[in-house]
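*Asks:* My structure is stored as start21.cif, with mmCIF, C-alpha atoms; chains and numbers go by the auth columns.
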data_coords
loop_
_atom_site.group_PDB
_atom_site.id
_atom_site.type_symbol
_atom_site.label_atom_id
_atom_site.label_comp_id
_atom_site.label_asym_id
_atom_site.label_seq_id
_atom_site.Cartn_x
_atom_site.Cartn_y
_atom_site.Cartn_z
_atom_site.B_iso_or_equiv
_atom_site.auth_seq_id
_atom_site.auth_asym_id
ATOM 1 C CA MET A 1 -10.699 -13.942 0.999 0.00 27 A
ATOM 2 C CA THR A 2 -11.662 -11.895 3.994 0.00 28 A
ATOM 3 C CA THR A 3 -13.068 -8.470 4.405 0.00 29 A
ATOM 4 C CA PRO A 4 -12.223 -6.072 7.177 0.00 30 A
ATOM 5 C CA SER A 5 -14.673 -5.663 10.005 0.00 31 A
ATOM 6 C CA ASP A 6 -15.137 -3.179 12.781 0.00 32 A
ATOM 7 C CA ALA A 7 -14.436 -5.970 15.286 0.00 33 A
ATOM 8 C CA GLY A 8 -10.667 -5.946 14.880 0.00 34 A
ATOM 9 C CA PRO A 9 -7.634 -5.210 12.768 0.00 35 A
ATOM 10 C CA PRO A 10 -7.484 -6.192 9.090 0.00 36 A
ATOM 11 C CA GLN A 11 -6.515 -9.732 8.143 0.00 37 A
ATOM 12 C CA GLY A 12 -2.809 -10.200 8.432 0.00 38 A
ATOM 13 C CA ALA A 13 -2.496 -7.318 10.856 0.00 39 A
ATOM 14 C CA ARG A 14 0.041 -7.948 13.572 0.00 40 A
ATOM 15 C CA ALA A 15 0.930 -6.272 16.767 0.00 41 A
ATOM 16 C CA PRO A 16 3.787 -3.804 16.463 0.00 42 A
ATOM 17 C CA LEU A 17 7.132 -5.395 17.163 0.00 43 A
ATOM 18 C CA GLY A 18 7.845 -5.062 20.851 0.00 44 A
ATOM 19 C CA GLY A 19 4.277 -4.035 21.712 0.00 45 A
ATOM 20 C CA SER A 20 0.661 -5.045 21.685 0.00 46 A
ATOM 21 C CA ALA A 21 -1.987 -4.364 19.064 0.00 47 A
ATOM 22 C CA GLY A 22 -2.878 -0.700 19.048 0.00 48 A
ATOM 23 C CA ALA A 23 0.059 0.306 21.232 0.00 49 A
ATOM 24 C CA PRO A 24 2.482 2.900 19.931 0.00 50 A
ATOM 25 C CA ALA A 25 5.130 1.142 17.835 0.00 51 A
ATOM 26 C CA ALA A 26 7.734 3.816 18.359 0.00 52 A
ATOM 27 C CA SER A 27 9.207 3.636 21.815 0.00 53 A
ATOM 28 C CA MET A 28 12.001 5.992 22.759 0.00 54 A
ATOM 29 C CA GLY A 29 11.832 7.356 19.187 0.00 55 A
ATOM 30 C CA VAL A 30 12.891 4.066 17.582 0.00 56 A
ATOM 31 C CA LEU A 31 10.664 2.019 15.313 0.00 57 A
ATOM 32 C CA SER A 32 11.842 -1.509 14.692 0.00 58 A
ATOM 33 C CA LEU A 33 10.119 -2.953 11.628 0.00 59 A
ATOM 34 C CA ASP A 34 11.768 -5.512 9.373 0.00 60 A
ATOM 35 C CA ALA A 35 10.542 -4.526 5.907 0.00 61 A
ATOM 36 C CA GLU A 36 11.823 -7.743 4.319 0.00 62 A
ATOM 37 C CA ALA A 37 9.970 -9.925 6.862 0.00 63 A
ATOM 38 C CA LEU A 38 6.829 -7.856 6.292 0.00 64 A
ATOM 39 C CA TYR A 39 7.257 -8.283 2.536 0.00 65 A
ATOM 40 C CA ASP A 40 7.190 -12.073 3.061 0.00 66 A
ATOM 41 C CA GLU A 41 3.916 -11.652 5.011 0.00 67 A
ATOM 42 C CA LEU A 42 2.509 -9.467 2.235 0.00 68 A
ATOM 43 C CA LEU A 43 3.473 -12.077 -0.368 0.00 69 A
ATOM 44 C CA GLY A 44 1.418 -14.676 1.515 0.00 70 A
ATOM 45 C CA GLY A 45 -1.517 -12.285 1.844 0.00 71 A
ATOM 46 C CA VAL A 46 -1.463 -11.423 -1.859 0.00 72 A
ATOM 47 C CA ARG A 47 -1.466 -15.133 -2.713 0.00 73 A
ATOM 48 C CA GLN A 48 -4.713 -15.445 -0.703 0.00 74 A
ATOM 49 C CA LEU A 49 -6.348 -12.331 -2.207 0.00 75 A
ATOM 50 C CA ARG A 50 -5.603 -12.737 -5.885 0.00 76 A
ATOM 51 C CA GLY A 51 -7.522 -14.777 -8.369 0.00 77 A
ATOM 52 C CA ALA A 52 -6.263 -16.194 -11.660 0.00 78 A
ATOM 53 C CA ASP A 53 -7.051 -12.970 -13.546 0.00 79 A
ATOM 54 C CA THR A 54 -6.124 -10.427 -10.872 0.00 80 A
ATOM 55 C CA ARG A 55 -3.918 -7.556 -12.015 0.00 81 A
ATOM 56 C CA LEU A 56 -1.374 -6.126 -9.580 0.00 82 A
ATOM 57 C CA VAL A 57 -1.168 -2.322 -9.546 0.00 83 A
ATOM 58 C CA GLY A 58 1.284 -0.486 -7.299 0.00 84 A
ATOM 59 C CA ILE A 59 0.788 3.046 -6.010 0.00 85 A
ATOM 60 C CA THR A 60 3.886 5.169 -6.677 0.00 86 A
ATOM 61 C CA SER A 61 6.478 4.866 -5.426 0.00 87 A
ATOM 62 C CA GLY A 62 6.659 2.310 -2.595 0.00 88 A
ATOM 63 C CA GLY A 63 3.589 0.405 -3.771 0.00 89 A
ATOM 64 C CA ALA A 64 5.009 0.253 -7.297 0.00 90 A
ATOM 65 C CA TRP A 65 8.217 -1.307 -5.939 0.00 91 A
ATOM 66 C CA LEU A 66 6.153 -3.865 -4.031 0.00 92 A
ATOM 67 C CA ALA A 67 3.976 -4.687 -7.052 0.00 93 A
ATOM 68 C CA ALA A 68 6.980 -5.178 -9.344 0.00 94 A
ATOM 69 C CA ARG A 69 8.672 -7.540 -6.893 0.00 95 A
ATOM 70 C CA LEU A 70 5.429 -9.425 -6.183 0.00 96 A
ATOM 71 C CA GLN A 71 4.808 -9.823 -9.931 0.00 97 A
ATOM 72 C CA LYS A 72 8.213 -11.495 -10.230 0.00 98 A
ATOM 73 C CA ASP A 73 8.016 -13.554 -7.022 0.00 99 A
ATOM 74 C CA LEU A 74 4.539 -14.848 -7.934 0.00 100 A
ATOM 75 C CA GLY A 75 5.777 -15.810 -11.421 0.00 101 A
ATOM 76 C CA LEU A 76 3.161 -13.643 -13.135 0.00 102 A
ATOM 77 C CA PRO A 77 3.639 -12.737 -16.800 0.00 103 A
ATOM 78 C CA GLY A 78 4.272 -9.159 -17.899 0.00 104 A
ATOM 79 C CA GLU A 79 4.752 -6.193 -15.635 0.00 105 A
ATOM 80 C CA ALA A 80 2.669 -4.937 -12.753 0.00 106 A
ATOM 81 C CA GLY A 81 0.721 -1.751 -13.313 0.00 107 A
ATOM 82 C CA VAL A 82 1.786 1.540 -11.740 0.00 108 A
ATOM 83 C CA ILE A 83 -0.658 4.229 -10.666 0.00 109 A
ATOM 84 C CA SER A 84 -0.038 7.802 -9.557 0.00 110 A
ATOM 85 C CA SER A 85 -2.195 9.946 -7.287 0.00 111 A
ATOM 86 C CA ALA A 86 -0.634 13.237 -8.453 0.00 112 A
ATOM 87 C CA MET A 87 -3.461 14.491 -10.680 0.00 113 A
ATOM 88 C CA HIS A 88 -6.310 13.803 -8.231 0.00 114 A
ATOM 89 C CA ARG A 89 -4.874 14.871 -4.876 0.00 115 A
ATOM 90 C CA ASP A 90 -7.077 17.067 -2.690 0.00 116 A
ATOM 91 C CA ASP A 91 -3.961 18.972 -1.581 0.00 117 A
ATOM 92 C CA PHE A 92 -2.872 19.699 -5.153 0.00 118 A
ATOM 93 C CA ALA A 93 -2.879 23.486 -4.584 0.00 119 A
ATOM 94 C CA ARG A 94 -0.470 23.097 -1.660 0.00 120 A
ATOM 95 C CA ARG A 95 1.765 20.281 -2.991 0.00 121 A
ATOM 96 C CA GLY A 96 1.665 20.897 -6.717 0.00 122 A
ATOM 97 C CA LEU A 97 2.763 18.037 -8.943 0.00 123 A
ATOM 98 C CA THR A 98 4.821 16.264 -6.299 0.00 124 A
ATOM 99 C CA GLY A 99 5.587 12.844 -7.711 0.00 125 A
ATOM 100 C CA ALA A 100 4.314 13.829 -11.146 0.00 126 A
ATOM 101 C CA GLY A 101 7.419 12.259 -12.692 0.00 127 A
ATOM 102 C CA HIS A 102 5.816 8.897 -11.903 0.00 128 A
ATOM 103 C CA GLN A 103 3.045 8.512 -14.453 0.00 129 A
ATOM 104 C CA THR A 104 0.300 5.918 -14.411 0.00 130 A
ATOM 105 C CA GLN A 105 1.163 2.895 -16.555 0.00 131 A
ATOM 106 C CA LEU A 106 -1.552 0.279 -17.005 0.00 132 A
ATOM 107 C CA ALA A 107 -0.755 -2.106 -19.872 0.00 133 A
ATOM 108 C CA PHE A 108 -4.189 -3.772 -19.725 0.00 134 A
ATOM 109 C CA ASP A 109 -7.848 -2.859 -20.137 0.00 135 A
ATOM 110 C CA VAL A 110 -9.169 -1.712 -16.770 0.00 136 A
ATOM 111 C CA ASN A 111 -12.790 -2.389 -17.764 0.00 137 A
ATOM 112 C CA ASP A 112 -14.068 -5.494 -15.932 0.00 138 A
ATOM 113 C CA ALA A 113 -10.576 -6.221 -14.544 0.00 139 A
ATOM 114 C CA GLN A 114 -9.937 -7.612 -11.061 0.00 140 A
ATOM 115 C CA ILE A 115 -7.476 -5.121 -9.565 0.00 141 A
ATOM 116 C CA LEU A 116 -5.310 -5.581 -6.488 0.00 142 A
ATOM 117 C CA LEU A 117 -3.857 -2.223 -5.443 0.00 143 A
ATOM 118 C CA LEU A 118 -0.621 -2.336 -3.446 0.00 144 A
ATOM 119 C CA ASP A 119 0.754 0.365 -1.201 0.00 145 A
ATOM 120 C CA ASP A 120 3.602 0.588 1.275 0.00 146 A
ATOM 121 C CA VAL A 121 1.973 2.606 4.065 0.00 147 A
ATOM 122 C CA LEU A 122 -1.736 3.342 4.488 0.00 148 A
ATOM 123 C CA TYR A 123 -2.349 6.424 6.624 0.00 149 A
ATOM 124 C CA THR A 124 -5.144 8.976 6.075 0.00 150 A
ATOM 125 C CA GLY A 125 -6.694 7.314 3.017 0.00 151 A
ATOM 126 C CA ARG A 126 -6.395 10.466 0.906 0.00 152 A
ATOM 127 C CA THR A 127 -3.780 9.032 -1.473 0.00 153 A
ATOM 128 C CA LEU A 128 -5.969 5.990 -2.015 0.00 154 A
ATOM 129 C CA ARG A 129 -8.990 8.188 -2.795 0.00 155 A
ATOM 130 C CA ALA A 130 -6.925 10.014 -5.425 0.00 156 A
ATOM 131 C CA VAL A 131 -5.686 6.696 -6.836 0.00 157 A
ATOM 132 C CA LEU A 132 -9.235 5.368 -7.185 0.00 158 A
ATOM 133 C CA ASN A 133 -10.197 8.503 -9.117 0.00 159 A
ATOM 134 C CA GLU A 134 -7.183 7.964 -11.395 0.00 160 A
ATOM 135 C CA LEU A 135 -8.048 4.285 -11.861 0.00 161 A
ATOM 136 C CA PHE A 136 -11.615 5.091 -12.900 0.00 162 A
ATOM 137 C CA ASP A 137 -10.270 7.564 -15.478 0.00 163 A
ATOM 138 C CA TYR A 138 -8.985 4.421 -17.259 0.00 164 A
ATOM 139 C CA GLY A 139 -12.199 2.388 -17.036 0.00 165 A
ATOM 140 C CA ARG A 140 -14.572 0.571 -14.714 0.00 166 A
ATOM 141 C CA PRO A 141 -12.936 -2.403 -12.981 0.00 167 A
ATOM 142 C CA ALA A 142 -15.019 -5.375 -11.848 0.00 168 A
ATOM 143 C CA SER A 143 -13.444 -5.138 -8.372 0.00 169 A
ATOM 144 C CA VAL A 144 -10.665 -3.367 -6.519 0.00 170 A
ATOM 145 C CA LYS A 145 -8.934 -4.744 -3.425 0.00 171 A
ATOM 146 C CA LEU A 146 -6.161 -3.199 -1.355 0.00 172 A
ATOM 147 C CA ALA A 147 -3.122 -4.837 0.245 0.00 173 A
ATOM 148 C CA VAL A 148 -0.595 -2.809 2.214 0.00 174 A
ATOM 149 C CA LEU A 149 2.726 -3.471 3.873 0.00 175 A
ATOM 150 C CA VAL A 150 1.871 -1.293 6.894 0.00 176 A
ATOM 151 C CA ASP A 151 -1.415 0.164 8.139 0.00 177 A
ATOM 152 C CA ARG A 152 -0.502 2.995 10.496 0.00 178 A
ATOM 153 C CA GLY A 153 -4.080 4.035 11.313 0.00 179 A
ATOM 154 C CA GLY A 154 -4.985 7.721 11.416 0.00 180 A
ATOM 155 C CA ARG A 155 -7.679 7.461 8.764 0.00 181 A
ATOM 156 C CA GLU A 156 -9.449 10.640 7.634 0.00 182 A
ATOM 157 C CA LEU A 157 -11.555 8.797 5.040 0.00 183 A
ATOM 158 C CA PRO A 158 -13.507 5.504 5.311 0.00 184 A
ATOM 159 C CA VAL A 159 -10.809 3.295 3.771 0.00 185 A
ATOM 160 C CA GLN A 160 -9.562 -0.076 5.051 0.00 186 A
ATOM 161 C CA PRO A 161 -7.159 -2.573 3.494 0.00 187 A
ATOM 162 C CA ASP A 162 -8.226 -6.104 2.600 0.00 188 A
ATOM 163 C CA TYR A 163 -4.817 -7.206 3.869 0.00 189 A
ATOM 164 C CA ALA A 164 -2.119 -5.510 5.969 0.00 190 A
ATOM 165 C CA ALA A 165 1.184 -7.229 6.768 0.00 191 A
ATOM 166 C CA ALA A 166 1.520 -5.081 9.911 0.00 192 A
ATOM 167 C CA ARG A 167 -0.356 -2.496 11.902 0.00 193 A
ATOM 168 C CA VAL A 168 1.574 0.166 13.798 0.00 194 A
ATOM 169 C CA ALA A 169 0.735 3.364 15.629 0.00 195 A
ATOM 170 C CA LEU A 170 2.891 6.437 15.090 0.00 196 A
ATOM 171 C CA PRO A 171 2.412 10.012 16.222 0.00 197 A
ATOM 172 C CA GLY A 172 1.153 12.336 13.500 0.00 198 A
ATOM 173 C CA SER A 173 4.475 14.169 13.744 0.00 199 A
ATOM 174 C CA GLN A 174 6.308 11.161 12.254 0.00 200 A
ATOM 175 C CA SER A 175 6.306 9.828 8.727 0.00 201 A
ATOM 176 C CA LEU A 176 6.967 6.211 7.784 0.00 202 A
ATOM 177 C CA GLU A 177 8.401 5.644 4.328 0.00 203 A
ATOM 178 C CA LEU A 178 9.518 2.537 2.469 0.00 204 A
ATOM 179 C CA ALA A 179 13.001 2.691 0.954 0.00 205 A
ATOM 180 C CA GLN A 180 14.499 0.380 -1.661 0.00 206 A
ATOM 181 C CA ALA A 181 18.226 -0.352 -1.823 0.00 207 A
ATOM 182 C CA PRO A 182 20.016 -0.795 -5.168 0.00 208 A
ATOM 183 C CA ASP A 183 19.860 -4.583 -4.640 0.00 209 A
ATOM 184 C CA GLY A 184 16.055 -4.375 -4.323 0.00 210 A
ATOM 185 C CA ARG A 185 15.856 -4.983 -0.558 0.00 211 A
ATOM 186 C CA PHE A 186 13.332 -2.973 1.423 0.00 212 A
ATOM 187 C CA SER A 187 13.755 -0.982 4.622 0.00 213 A
ATOM 188 C CA PHE A 188 11.795 1.719 6.423 0.00 214 A
ATOM 189 C CA LYS A 189 12.681 5.318 7.189 0.00 215 A
ATOM 190 C CA VAL A 190 10.978 7.123 10.066 0.00 216 A
ATOM 191 C CA GLU A 191 11.290 10.890 10.083 0.00 217 A
ATOM 192 C CA GLU A 192 9.915 13.804 12.078 0.00 218 A
ATOM 193 C CA THR A 193 7.690 15.953 9.876 0.00 219 A
#
How does the structure come out when it is put into structure tokens?
*Replies:*
Amino acid sequence: MTTPSDAGPPQGARAPLGGSAGAPAASMGVLSLDAEALYDELLGGVRQLRGADTRLVGITSGGAWLAARLQKDLGLPGEAGVISSAMHRDDFARRGLTGAGHQTQLAFDVNDAQILLLDDVLYTGRTLRAVLNELFDYGRPASVKLAVLVDRGGRELPVQPDYAAARVALPGSQSLELAQAPDGRFSFKVEET
């Protein structure tokens, strides 16, 4: 288990494909990230982070997809938890109940649980803040760790992942979103906002 430090990128962080650490990952408007290869990296990182009693909880929607697949690939019993940020967002007045169709589902007692939150893309940290508020509405966990597929920087709150499969830099005008095909395979979509 490692913890992030100010000395460098989070454990598991890699240079953007085709670039160096901290360099913009999108050159000529094209971002080349292999979501399936990054999933394999995340799987290895989650193996290192989790203990025998750790509960996987995915943040809707991309993190929930990751958690469900990790639960299966790690051979863990039951289903991974799903958590929504919709009710605790600080931009609720502007966004409304965006994503409210995805409700929090935690089929275990949160009190004293070891929780490993999973998300697809960590950006400002605001979704994670809302998720932590939601999690504490269900109880007081013993610990909470965070593993992400991609850390794109741009933090507005003091939040860092315990593990990131990749670290990329994108302009604020672009969004990076995980997509899941009907066969369960992952890919990324990059869009101008």
*Asks:* Set the distance at 12 Å and use all atoms listed in the file: which residues neighbour Gln206 (chain A) once local chain neighbours fewer than 3 positions away are removed? I'd like the list as a JSON list (two decimals) with C-alpha atoms, keeping the file's coordinate frame.
*Replies:*
[["chain", "number", "residue", "atom", "x", "y", "z"],
["A", 61, "ALA", "CA", 10.54, -4.53, 5.91],
["A", 62, "GLU", "CA", 11.82, -7.74, 4.32],
["A", 87, "SER", "CA", 6.48, 4.87, -5.43],
["A", 88, "GLY", "CA", 6.66, 2.31, -2.60],
["A", 89, "GLY", "CA", 3.59, 0.40, -3.77],
["A", 90, "ALA", "CA", 5.01, 0.25, -7.30],
["A", 91, "TRP", "CA", 8.22, -1.31, -5.94],
["A", 92, "LEU", "CA", 6.15, -3.86, -4.03],
["A", 95, "ARG", "CA", 8.67, -7.54, -6.89],
["A", 146, "ASP", "CA", 3.60, 0.59, 1.27],
["A", 203, "GLU", "CA", 8.40, 5.64, 4.33],
["A", 209, "ASP", "CA", 19.86, -4.58, -4.64],
["A", 210, "GLY", "CA", 16.06, -4.38, -4.32],
["A", 211, "ARG", "CA", 15.86, -4.98, -0.56],
["A", 212, "PHE", "CA", 13.33, -2.97, 1.42],
["A", 213, "SER", "CA", 13.76, -0.98, 4.62],
["A", 214, "PHE", "CA", 11.80, 1.72, 6.42],
["A", 215, "LYS", "CA", 12.68, 5.32, 7.19]]
*Asks:* Name the residues that the PyMOL selection byres ((chain A and resi 160) around 10) pulls out of this structure, and write them as a PyMOL selection string.
*Replies:* chain A and resi 109-115+130+154-159+161-165
*Asks:* What separation in Å, quoted to one decimal, exists between CA of Pro208 (chain A) and CA of Tyr65 (chain A)?
*Replies:*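 Taking CA of Pro208 (chain A) as the start and CA of Tyr65 (chain A) as the end point, the length is 16.7 Å.
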*Asks:* CA of Gln129 (chain A) and CA of Ala205 (chain A), how far apart in Å?
*Replies:*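 That distance, rounded to one decimal, is 19.2 Å.
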*Asks:* So what do you get for CA of Lys98 (chain A) versus CA of Asp138 (chain A), distance-wise?
*Replies:* 23.8 Å
*Asks:* Find the smallest box with edges along x, y and z containing every listed atom of region 69-86 of chain A, then add 5 Å on each side and report centre and edge lengths in Å to one decimal, as AutoDock Vina command-line options.
*Replies:*
--center_x -1.8 --center_y -5.5 --center_z -5.9 --size_x 21.4 --size_y 31.4 --size_z 25.4
*Asks:* Point out the residue among A:Val108, A:Leu100, A:Leu68, A:Ala63 with the least atom-to-atom distance to Ile141 (chain A), counting only C-alpha atoms.
*Replies:*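 Of A:Val108, A:Leu100, A:Leu68, A:Ala63, the one nearest Ile141 (chain A) is A:Val108, counting only C-alpha atoms.
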*Asks:* Give me, as a list of chain:residue names, all polymer residues having an atom no more than 12 Å from Gly151 (chain A), counting all atoms listed in the file and skipping those fewer than 5 positions away in the same chain.
*Replies:*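 So the residues in contact are A:Ser111, A:Arg115, A:Asp116, A:Asp145, A:Ala156, A:Val157, A:Leu158, A:Leu172, A:Val174, A:Asp177, A:Arg178, A:Gly179, A:Gly180, A:Arg181, A:Glu182, A:Leu183, A:Pro184, A:Val185, A:Gln186, A:Pro187.
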*Asks:* Decode the PyMOL selection byres ((chain A and resi 176) around 6) for the given file into explicit residues and return them as a PDB file with C-alpha atoms, in the coordinates of the input.
*Replies:*
ATOM      1  CA  VAL A 147       1.973   2.606   4.065  1.00  0.00           C
ATOM      2  CA  VAL A 174      -0.595  -2.809   2.214  1.00  0.00           C
ATOM      3  CA  LEU A 175       2.726  -3.471   3.873  1.00  0.00           C
ATOM      4  CA  ASP A 177      -1.415   0.164   8.139  1.00  0.00           C
ATOM      5  CA  ALA A 190      -2.119  -5.510   5.969  1.00  0.00           C
ATOM      6  CA  ALA A 191       1.184  -7.229   6.768  1.00  0.00           C
ATOM      7  CA  ALA A 192       1.520  -5.081   9.911  1.00  0.00           C
ATOM      8  CA  ARG A 193      -0.356  -2.496  11.902  1.00  0.00           C
TER       9      ARG A 193
END
*Asks:* Which one of A:Leu75, A:Ala94, A:Tyr149, A:Arg166 sits closest to Asn137 (chain A) if you count all atoms listed in the file?
*Replies:*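 Of all the options, A:Arg166 lies closest to Asn137 (chain A).
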*Asks:* Determine the nearest neighbour of Leu142 (chain A) from the options A:Glu105, A:Asp188, A:Asp99, A:Glu67, counting only C-alpha atoms.
*Replies:*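 Of A:Glu105, A:Asp188, A:Asp99, A:Glu67, the one nearest Leu142 (chain A) is A:Asp188, counting only C-alpha atoms.
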*Asks:* Specify as a PyMOL selection string each residue included when the PyMOL selection byres ((chain A and resi 74) around 12) is applied to this file.
*Replies:* chain A and resi 27-28+37-38+67-73+75-78+80+100+142+171+173+188-189
*Asks:* Let me make sure I understand: among A:Leu143, A:Phe134, A:Ala93, A:Leu148, which one has the smallest atom-to-atom distance to Ala195 (chain A) if we use only C-alpha atoms?
*Replies:*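 Of A:Leu143, A:Phe134, A:Ala93, A:Leu148, the one nearest Ala195 (chain A) is A:Leu148, counting only C-alpha atoms.
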